[in-house]
Amino acid sequence: MSVNVPKIMLIDLTNETIEVLERGDLVSYLGGVSMGVQLLKEYGHPKENAFSPEQPIIFTRGPLNTIFPVVTKTCAIFKSPLTEELGESYAGLRLSMAMGMAGLMGIVIKGKANKPVVLNISNDTMKIKDANALWGLNTDEATRLLHDDTGRRGLRSIMVIGESGEKLIRYSCVTVDSYRHFGRLGLGAVLGSKMVKGIVIEGDIGASISNPRDYQKVYEEIYQKVNETELMEKYHGIGTSININALNDLKALPTHNFQQNHFDMANEISGEHFAENHLVKKIACSGCTIGCIHIALLRQKFGDSHEYHSSTVAYDHELIFALGTMLGIGNAQEVLMLIEEVEMIGYDVMSVGVLMSWLTEAYEKKIITSNETICSPEFGNAFVYREILRNIVQQPNEFYKLAGLGTDALAKKYGGRDFAMVLGKNEVAGYHTGYGNLMGQTVGARHSHLDNAGYSFDQGGEVTKEELVDKLIQEETDRNLLNSLVICLFARKIYDYETVVKALNTIGYEVTEEELRVLAKKTFIEKIKLKEEMGFSYEELTFPKRFFEVEGGGKKLNLEDAQELLNLYIKKIDELR
Amino acid sequence: MTNPKTEQKPILKVKKLGQCIGCYSCMIACASIVHRNFALTKSAISVKTSGGYQGRMVVNICRGCVKPSCEAQCETGALVSRDGGGIRFYPKKCTGCKKCIEVCMARAIKFDQETNKIIACIQCGKCVERCPHDVIEMEVR
């Protein structure tokens, strides 16, 4: 049984050309992050600016996508304009399915269009469409117009950027099929710098099954584990927002820009509250039976005579943290209103929420004044935050222009770095659980809580510094395998190494567990090397003092221990190379 | 006395459309089990959104007509009505004329560009077994 040779579509926007390359040499990299890293090594320019036209955007899927349950993600690799180092982000819904239908394992986009464009990929062809009429439109309208275009409904994927990406706001996201995103590290701005407003992908390439009996057997086994066990119930039921109350109880829920570790109004914006009062439906990525995408109804009054308009908005833990607890908003409808605003403009919700909470505290401490902010930011006032969200993209003054570069850039100029909640220049996620969380985001390849789930090690038993560092390295290494296949991380307990080997074997990949472990480690190390070529150095990492001023998960953290952990991590990485 | 209904074969029905989450498990089942292909274009059942993800999920299936219009249009005997509703499909007899596709108001018949023949539901119920939310069922008419 042979493996299909991975096809990579290489798009050159400057010259308006495409090539579809058959890259048999990349088979052993499987797909996702491992393949993406190889392509970045080949096409990237580590020392050049993230917006340099020749910088590539790389999308990769994996061989198990859609055909095995919950293998639903697509990996994006690029140079991040927010951190000017490695950009890595993941999105779900229909994208990996649509790439598979087009027969593509990867897409590399380089160059720059000379006008706004939409790329329409169908099998191994691509049309560049003039998108002047879409430039300036919000993500919802842009998606709707592309959806109304002809094509294979239900089997297409539609990616767009909002005004934020067009304006090169460094933490702009790419919206995928309305409700999912390449959220972190500014992929939307990189697409904007290339003048690409949207990408539609579809296809109808057949792929016959060479070993149907074994395939169906393994599919059924995994399907049973997903649907008949409790392994994924958390994501199906209340969803990730179950963390709001859980972290609040642990005193690990960042509130008012980490000035508190719990929120008095957590109950009003908890996952339980949303589920009981605002949830209208759940939807799923193609090939996932869980349906973790929780969608709530936002109902807003616009006139005295019972005049309402309504819309549907997806919510999760990180969104409620970034636009709820961090901003002191304890009203679920107001949180939804802010989520919708962020969605329409096309920001990364975590980055913009953390930035606005820094802005509020800086204003309270008189580091900045209304000369800068124009309005009067105030924790708990959702309507003023809606104004700020609009100001960031409209950039009415120098302050807001700088705000488009991120929290780190603002704090460097105005001060307040002690409470600028960034690690490795990336705005932090919604946990203050202890050293695992702090170190995990500090040393993680993309400075994301999902790199190594450091926060989870704070919630187990006591561990020594050495054990914690080992766990962080092991978890991040293992996740590089999951991300090469591009399995949803929510299914990490389903797809252990043994299951992954079995699934791959049924479709012709003759791999062993040991080979997968080698690939995971190789990718882990290569990402660090790529980051270093881009200018990253572990030695230059710093921690905002706020982490040590407020207890996290019932523990007081201190800078000396954090520094010791970082030094130990650096030593272990040196040994691994 | 036997109930004539129980003697009929069941047909596929969309019972609880509002419960569909768009997981595509039914399409994966049809494509991979019935048509032995990973491509979802090979699936006779189609889940899609009406009005994008902001809208609602819809499921296009063969509605199991008692007097199928597709059969009436088929000049080669590739489509033959079956007890209880719907059709039996004989691929070898299909010439790919597409007349059945044009006449099906339920939009349930597709065309396979690779084989130059239609893709039609054979009422096997494999999709029902894989639906995690009881959206579709096999039931006698």
# chains A, B, ... in the order shown; residues from 1 in each chain; ligands from 1
call {"tool": "residues_around", "arguments": {"residues": "stretch 397-401 of chain A", "least_positions_apart": "5", "cutoff": "7 Å", "atoms": "only C-alpha atoms", "output": "count of residues only"}}
result
3
call {"tool": "interface_residues", "arguments": {"of": "chain B", "to": "chain A", "cutoff": "7 Å", "atoms": "only C-alpha atoms", "output": "PyMOL selection string"}}
result
chain B and resi 21-25+28+36-39+41+47-49+52-54+132
call {"tool": "residues_around", "arguments": {"residues": "B:Pro10", "least_positions_apart": "5", "cutoff": "9 Å", "atoms": "only C-alpha atoms", "output": "number ranges by chain"}}
result
B: 83-85, 123, 138-141
call {"tool": "select_by_dssp", "arguments": {"residues": "stretch 32-116 of chain B", "states": "helix (DSSP H, G or I)", "output": "PyMOL selection string"}}
result
chain B and resi 32-34+40-42+69-73+91-93+99-103
call {"tool": "write_last_selection", "arguments": {"atoms": "C-alpha atoms", "output": "short mmCIF file (atom, residue, chain, number, x, y, z; two decimals), in the first residue's frame"}}
result
data_model
loop_
_atom_site.label_atom_id
_atom_site.label_comp_id
_atom_site.auth_asym_id
_atom_site.auth_seq_id
_atom_site.Cartn_x
_atom_site.Cartn_y
_atom_site.Cartn_z
CA SER B 32 -16.04 5.67 2.90
CA ILE B 33 -18.31 2.65 3.54
CA VAL B 34 -20.61 2.69 0.52
CA LEU B 40 -17.02 13.68 0.58
CA THR B 41 -18.23 14.50 -2.94
CA LYS B 42 -18.83 10.74 -3.20
CA SER B 69 -39.35 10.91 -10.84
CA CYS B 70 -35.75 9.85 -11.35
CA GLU B 71 -36.84 6.35 -12.29
CA ALA B 72 -39.35 7.74 -14.77
CA GLN B 73 -36.60 9.76 -16.45
CA PRO B 91 -24.31 1.57 -11.89
CA LYS B 92 -23.41 -0.56 -14.88
CA LYS B 93 -26.56 0.63 -16.64
CA LYS B 99 -31.70 13.55 -16.55
CA CYS B 100 -32.46 12.11 -13.11
CA ILE B 101 -30.43 14.87 -11.46
CA GLU B 102 -32.43 17.56 -13.23
CA VAL B 103 -35.77 16.08 -12.24
#
call {"tool": "atom_distance", "arguments": {"atom1": "atom CA of A:Ile201", "atom2": "atom CA of B:Gly51"}}
result
17.7 Å
call {"tool": "closest_residue", "arguments": {"among": "B:Cys62, B:Cys104, B:Ala78, B:Cys94", "to": "B:Lys13", "atoms": "only C-alpha atoms"}}
result
B:Cys62
call {"tool": "residues_around", "arguments": {"residues": "A:Val200", "least_positions_apart": "2", "cutoff": "8 Å", "atoms": "only C-alpha atoms", "output": "PyMOL selection string"}}
result
chain A and resi 118-121+146+156-159+198+202
call {"tool": "closest_residue", "arguments": {"among": "B:Ile122, B:Ala44, B:Cys97, B:Met105", "to": "B:Ser81", "atoms": "only C-alpha atoms"}}
result
B:Ile122
call {"tool": "residues_around", "arguments": {"residues": "stretch 499-515 of chain A", "least_positions_apart": "4", "cutoff": "6 Å", "atoms": "only C-alpha atoms", "output": "PyMOL selection string"}}
result
chain A and resi 1-3+214-215+495
call {"tool": "write_last_selection", "arguments": {"atoms": "all heavy atoms", "output": "short mmCIF file (atom, residue, chain, number, x, y, z; two decimals), in the first residue's frame"}}
result
data_model
loop_
_atom_site.label_atom_id
_atom_site.label_comp_id
_atom_site.auth_asym_id
_atom_site.auth_seq_id
_atom_site.Cartn_x
_atom_site.Cartn_y
_atom_site.Cartn_z
N MET A 1 0.86 -1.20 0.00
CA MET A 1 0.00 0.00 0.00
C MET A 1 0.89 1.25 0.00
O MET A 1 1.81 1.35 0.79
CB MET A 1 -0.87 -0.02 1.26
CG MET A 1 -1.96 1.00 1.23
SD MET A 1 -3.24 0.72 2.49
CE MET A 1 -2.36 0.21 3.93
N SER A 2 0.64 2.15 -0.93
CA SER A 2 1.51 3.33 -0.98
C SER A 2 0.77 4.56 -0.48
O SER A 2 -0.46 4.61 -0.45
CB SER A 2 1.99 3.54 -2.41
OG SER A 2 0.88 3.81 -3.22
N VAL A 3 1.56 5.54 -0.11
CA VAL A 3 1.02 6.77 0.45
C VAL A 3 0.89 7.79 -0.68
O VAL A 3 1.73 7.84 -1.58
CB VAL A 3 2.01 7.30 1.51
CG1 VAL A 3 1.65 8.70 1.94
CG2 VAL A 3 2.05 6.37 2.70
N ASP A 214 -9.50 -2.50 7.46
CA ASP A 214 -8.71 -2.00 8.59
C ASP A 214 -9.07 -0.56 8.92
O ASP A 214 -9.15 -0.17 10.09
CB ASP A 214 -7.21 -2.08 8.26
CG ASP A 214 -6.70 -3.51 8.33
OD1 ASP A 214 -7.51 -4.39 8.67
OD2 ASP A 214 -5.51 -3.73 8.02
N TYR A 215 -9.27 0.23 7.88
CA TYR A 215 -9.62 1.64 8.11
C TYR A 215 -10.92 1.76 8.90
O TYR A 215 -10.98 2.46 9.92
CB TYR A 215 -9.73 2.39 6.77
CG TYR A 215 -10.52 3.68 6.89
CD1 TYR A 215 -9.98 4.77 7.58
CD2 TYR A 215 -11.81 3.80 6.37
CE1 TYR A 215 -10.71 5.95 7.72
CE2 TYR A 215 -12.54 4.96 6.51
CZ TYR A 215 -11.99 6.04 7.19
OH TYR A 215 -12.72 7.19 7.35
N TYR A 495 -5.98 10.39 21.08
CA TYR A 495 -4.92 10.05 20.14
C TYR A 495 -3.57 9.91 20.85
O TYR A 495 -2.70 10.78 20.75
CB TYR A 495 -4.85 11.09 19.02
CG TYR A 495 -5.96 10.93 18.00
CD1 TYR A 495 -7.14 11.66 18.12
CD2 TYR A 495 -5.84 10.04 16.95
CE1 TYR A 495 -8.18 11.50 17.20
CE2 TYR A 495 -6.86 9.87 16.02
CZ TYR A 495 -8.03 10.61 16.15
OH TYR A 495 -9.04 10.45 15.24
#
call {"tool": "select_by_dssp", "arguments": {"residues": "chain B", "states": "strand (DSSP E or B)", "output": "ChimeraX atom specification"}}
result
/B:11-14,37,46-50,56-60,79-81,87-89,110-112,117-119,136-139
call {"tool": "write_last_selection", "arguments": {"atoms": "N, CA, C and O atoms", "output": "short mmCIF file (atom, residue, chain, number, x, y, z; two decimals), in the first residue's frame"}}
result
data_model
loop_
_atom_site.label_atom_id
_atom_site.label_comp_id
_atom_site.auth_asym_id
_atom_site.auth_seq_id
_atom_site.Cartn_x
_atom_site.Cartn_y
_atom_site.Cartn_z
N ILE B 11 -37.07 3.68 4.83
CA ILE B 11 -36.32 4.68 4.04
C ILE B 11 -35.68 5.69 4.99
O ILE B 11 -36.07 5.81 6.15
N LEU B 12 -34.71 6.37 4.46
CA LEU B 12 -33.98 7.38 5.25
C LEU B 12 -34.86 8.62 5.44
O LEU B 12 -35.45 9.11 4.48
N LYS B 13 -34.91 9.11 6.68
CA LYS B 13 -35.70 10.32 6.93
C LYS B 13 -34.91 11.29 7.80
O LYS B 13 -34.19 10.87 8.71
N VAL B 14 -35.07 12.58 7.53
CA VAL B 14 -34.51 13.60 8.42
C VAL B 14 -35.55 13.83 9.51
O VAL B 14 -36.63 14.33 9.24
N ASN B 37 -14.38 5.60 -0.65
CA ASN B 37 -13.59 6.75 -1.06
C ASN B 37 -13.60 7.77 0.08
O ASN B 37 -14.59 7.90 0.79
N SER B 46 -25.95 14.89 1.78
CA SER B 46 -25.20 16.16 1.84
C SER B 46 -25.67 17.00 3.01
O SER B 46 -26.85 17.32 3.11
N VAL B 47 -24.74 17.35 3.87
CA VAL B 47 -25.03 18.31 4.93
C VAL B 47 -24.42 19.63 4.50
O VAL B 47 -23.29 19.66 4.02
N LYS B 48 -25.16 20.69 4.62
CA LYS B 48 -24.60 22.00 4.31
C LYS B 48 -25.29 23.05 5.17
O LYS B 48 -26.26 22.73 5.88
N THR B 49 -24.78 24.25 5.11
CA THR B 49 -25.44 25.32 5.84
C THR B 49 -26.30 26.10 4.88
O THR B 49 -25.95 26.28 3.72
N SER B 50 -27.43 26.54 5.37
CA SER B 50 -28.29 27.41 4.57
C SER B 50 -28.05 28.82 5.09
O SER B 50 -28.39 29.14 6.22
N ARG B 56 -28.57 27.97 9.29
CA ARG B 56 -28.86 26.69 9.93
C ARG B 56 -28.32 25.55 9.07
O ARG B 56 -28.08 25.71 7.89
N MET B 57 -28.17 24.39 9.71
CA MET B 57 -27.75 23.21 8.98
C MET B 57 -28.95 22.65 8.22
O MET B 57 -30.07 22.64 8.75
N VAL B 58 -28.70 22.17 7.02
CA VAL B 58 -29.74 21.46 6.28
C VAL B 58 -29.14 20.15 5.75
O VAL B 58 -27.93 20.04 5.60
N VAL B 59 -29.99 19.18 5.56
CA VAL B 59 -29.52 17.87 5.09
C VAL B 59 -30.29 17.49 3.82
O VAL B 59 -31.52 17.41 3.86
N ASN B 60 -29.59 17.31 2.75
CA ASN B 60 -30.23 16.87 1.50
C ASN B 60 -30.06 15.36 1.36
O ASN B 60 -28.94 14.86 1.27
N LEU B 79 -32.06 3.07 -12.65
CA LEU B 79 -32.79 3.40 -11.43
C LEU B 79 -34.13 2.66 -11.45
O LEU B 79 -34.93 2.83 -12.38
N VAL B 80 -34.34 1.86 -10.41
CA VAL B 80 -35.57 1.06 -10.34
C VAL B 80 -36.18 1.25 -8.96
O VAL B 80 -35.46 1.16 -7.95
N SER B 81 -37.47 1.54 -8.90
CA SER B 81 -38.09 1.82 -7.60
C SER B 81 -38.04 0.58 -6.71
O SER B 81 -38.04 -0.56 -7.18
N ILE B 87 -35.06 4.13 -4.55
CA ILE B 87 -34.67 3.40 -5.75
C ILE B 87 -33.55 2.40 -5.47
O ILE B 87 -32.85 2.49 -4.46
N ARG B 88 -33.44 1.46 -6.37
CA ARG B 88 -32.22 0.65 -6.45
C ARG B 88 -31.42 1.21 -7.60
O ARG B 88 -31.98 1.62 -8.62
N PHE B 89 -30.10 1.24 -7.44
CA PHE B 89 -29.26 1.83 -8.48
C PHE B 89 -28.35 0.75 -9.07
O PHE B 89 -27.65 0.05 -8.33
N LYS B 110 -26.32 13.17 -7.15
CA LYS B 110 -25.10 13.91 -7.53
C LYS B 110 -24.46 13.25 -8.75
O LYS B 110 -24.80 12.12 -9.10
N PHE B 111 -23.50 13.94 -9.29
CA PHE B 111 -22.78 13.39 -10.44
C PHE B 111 -21.32 13.20 -10.06
O PHE B 111 -20.70 14.09 -9.49
N ASP B 112 -20.80 12.03 -10.38
CA ASP B 112 -19.41 11.72 -10.08
C ASP B 112 -18.55 11.95 -11.33
O ASP B 112 -18.66 11.20 -12.31
N LYS B 117 -20.79 8.71 -13.72
CA LYS B 117 -22.09 8.14 -13.38
C LYS B 117 -22.66 8.93 -12.19
O LYS B 117 -21.95 9.71 -11.58
N ILE B 118 -23.92 8.67 -11.89
CA ILE B 118 -24.53 9.40 -10.76
C ILE B 118 -24.14 8.76 -9.43
O ILE B 118 -23.71 7.60 -9.37
N ILE B 119 -24.32 9.55 -8.37
CA ILE B 119 -24.21 9.03 -7.00
C ILE B 119 -25.62 9.13 -6.41
O ILE B 119 -26.17 10.23 -6.32
N ILE B 136 -30.98 11.79 11.68
CA ILE B 136 -31.58 11.00 10.62
C ILE B 136 -31.95 9.61 11.15
O ILE B 136 -31.32 9.13 12.10
N GLU B 137 -32.96 9.03 10.56
CA GLU B 137 -33.38 7.68 10.98
C GLU B 137 -33.85 6.88 9.78
O GLU B 137 -34.25 7.46 8.77
N MET B 138 -33.83 5.57 9.91
CA MET B 138 -34.45 4.70 8.91
C MET B 138 -35.83 4.34 9.45
O MET B 138 -35.97 3.90 10.58
N GLU B 139 -36.83 4.54 8.62
CA GLU B 139 -38.20 4.36 9.10
C GLU B 139 -39.07 3.95 7.91
O GLU B 139 -38.84 4.44 6.80
#
call {"tool": "residues_around", "arguments": {"residues": "stretch 83-89 of chain A", "least_positions_apart": "6", "cutoff": "6 Å", "atoms": "only C-alpha atoms", "output": "list in words"}}
result
Cys75, Ala76, Ile77, Phe182, Leu185, Lys425, Lys531 and Met534 of chain A
call {"tool": "write_last_selection", "arguments": {"atoms": "C-alpha atoms", "output": "PDB file, in the first residue's frame"}}
result
ATOM      1  CA  CYS A  75      -1.793  24.653  10.740  1.00  0.00           C
ATOM      2  CA  ALA A  76      -0.592  28.103   9.639  1.00  0.00           C
ATOM      3  CA  ILE A  77       3.121  28.904   9.769  1.00  0.00           C
ATOM      4  CA  PHE A 182      -6.228  31.646  13.060  1.00  0.00           C
ATOM      5  CA  LEU A 185       0.252  36.171  16.367  1.00  0.00           C
ATOM      6  CA  LYS A 425       5.687  39.954  23.334  1.00  0.00           C
ATOM      7  CA  LYS A 531      13.076  31.414  16.225  1.00  0.00           C
ATOM      8  CA  MET A 534      14.581  35.396  13.599  1.00  0.00           C
TER       9      MET A 534
END
call {"tool": "residues_around", "arguments": {"residues": "A:Met9", "least_positions_apart": "4", "cutoff": "7 Å", "atoms": "only C-alpha atoms", "output": "MDAnalysis selection string"}}
result
chainID A and resid 18:21 104 106:108
call {"tool": "write_last_selection", "arguments": {"atoms": "N, CA and C atoms", "output": "PDB file, in the first residue's frame"}}
result
ATOM      1  N   ILE A  18       0.872  30.130 -10.198  1.00  0.00           N
ATOM      2  CA  ILE A  18       0.841  29.028  -9.234  1.00  0.00           C
ATOM      3  C   ILE A  18       1.595  27.824  -9.794  1.00  0.00           C
ATOM      4  N   GLU A  19       2.075  27.031  -8.888  1.00  0.00           N
ATOM      5  CA  GLU A  19       2.649  25.731  -9.250  1.00  0.00           C
ATOM      6  C   GLU A  19       2.096  24.741  -8.239  1.00  0.00           C
ATOM      7  N   VAL A  20       1.796  23.523  -8.681  1.00  0.00           N
ATOM      8  CA  VAL A  20       1.445  22.485  -7.716  1.00  0.00           C
ATOM      9  C   VAL A  20       2.586  21.478  -7.705  1.00  0.00           C
ATOM     10  N   LEU A  21       3.265  21.432  -6.576  1.00  0.00           N
ATOM     11  CA  LEU A  21       4.476  20.619  -6.478  1.00  0.00           C
ATOM     12  C   LEU A  21       4.159  19.282  -5.819  1.00  0.00           C
ATOM     13  N   LEU A 104      -4.898  18.934  -1.718  1.00  0.00           N
ATOM     14  CA  LEU A 104      -3.690  19.662  -1.305  1.00  0.00           C
ATOM     15  C   LEU A 104      -3.320  19.342   0.135  1.00  0.00           C
ATOM     16  N   GLY A 106      -0.643  21.107   1.362  1.00  0.00           N
ATOM     17  CA  GLY A 106      -0.153  22.407   1.814  1.00  0.00           C
ATOM     18  C   GLY A 106      -0.362  23.497   0.782  1.00  0.00           C
ATOM     19  N   ILE A 107      -0.367  24.730   1.271  1.00  0.00           N
ATOM     20  CA  ILE A 107      -0.468  25.906   0.401  1.00  0.00           C
ATOM     21  C   ILE A 107       0.581  26.900   0.883  1.00  0.00           C
ATOM     22  N   VAL A 108       1.393  27.386  -0.021  1.00  0.00           N
ATOM     23  CA  VAL A 108       2.395  28.406   0.314  1.00  0.00           C
ATOM     24  C   VAL A 108       2.052  29.658  -0.481  1.00  0.00           C
TER      25      VAL A 108
END
call {"tool": "atom_distance", "arguments": {"atom1": "atom CA of A:Glu334", "atom2": "atom CA of A:Leu297"}}
result
11.6 Å
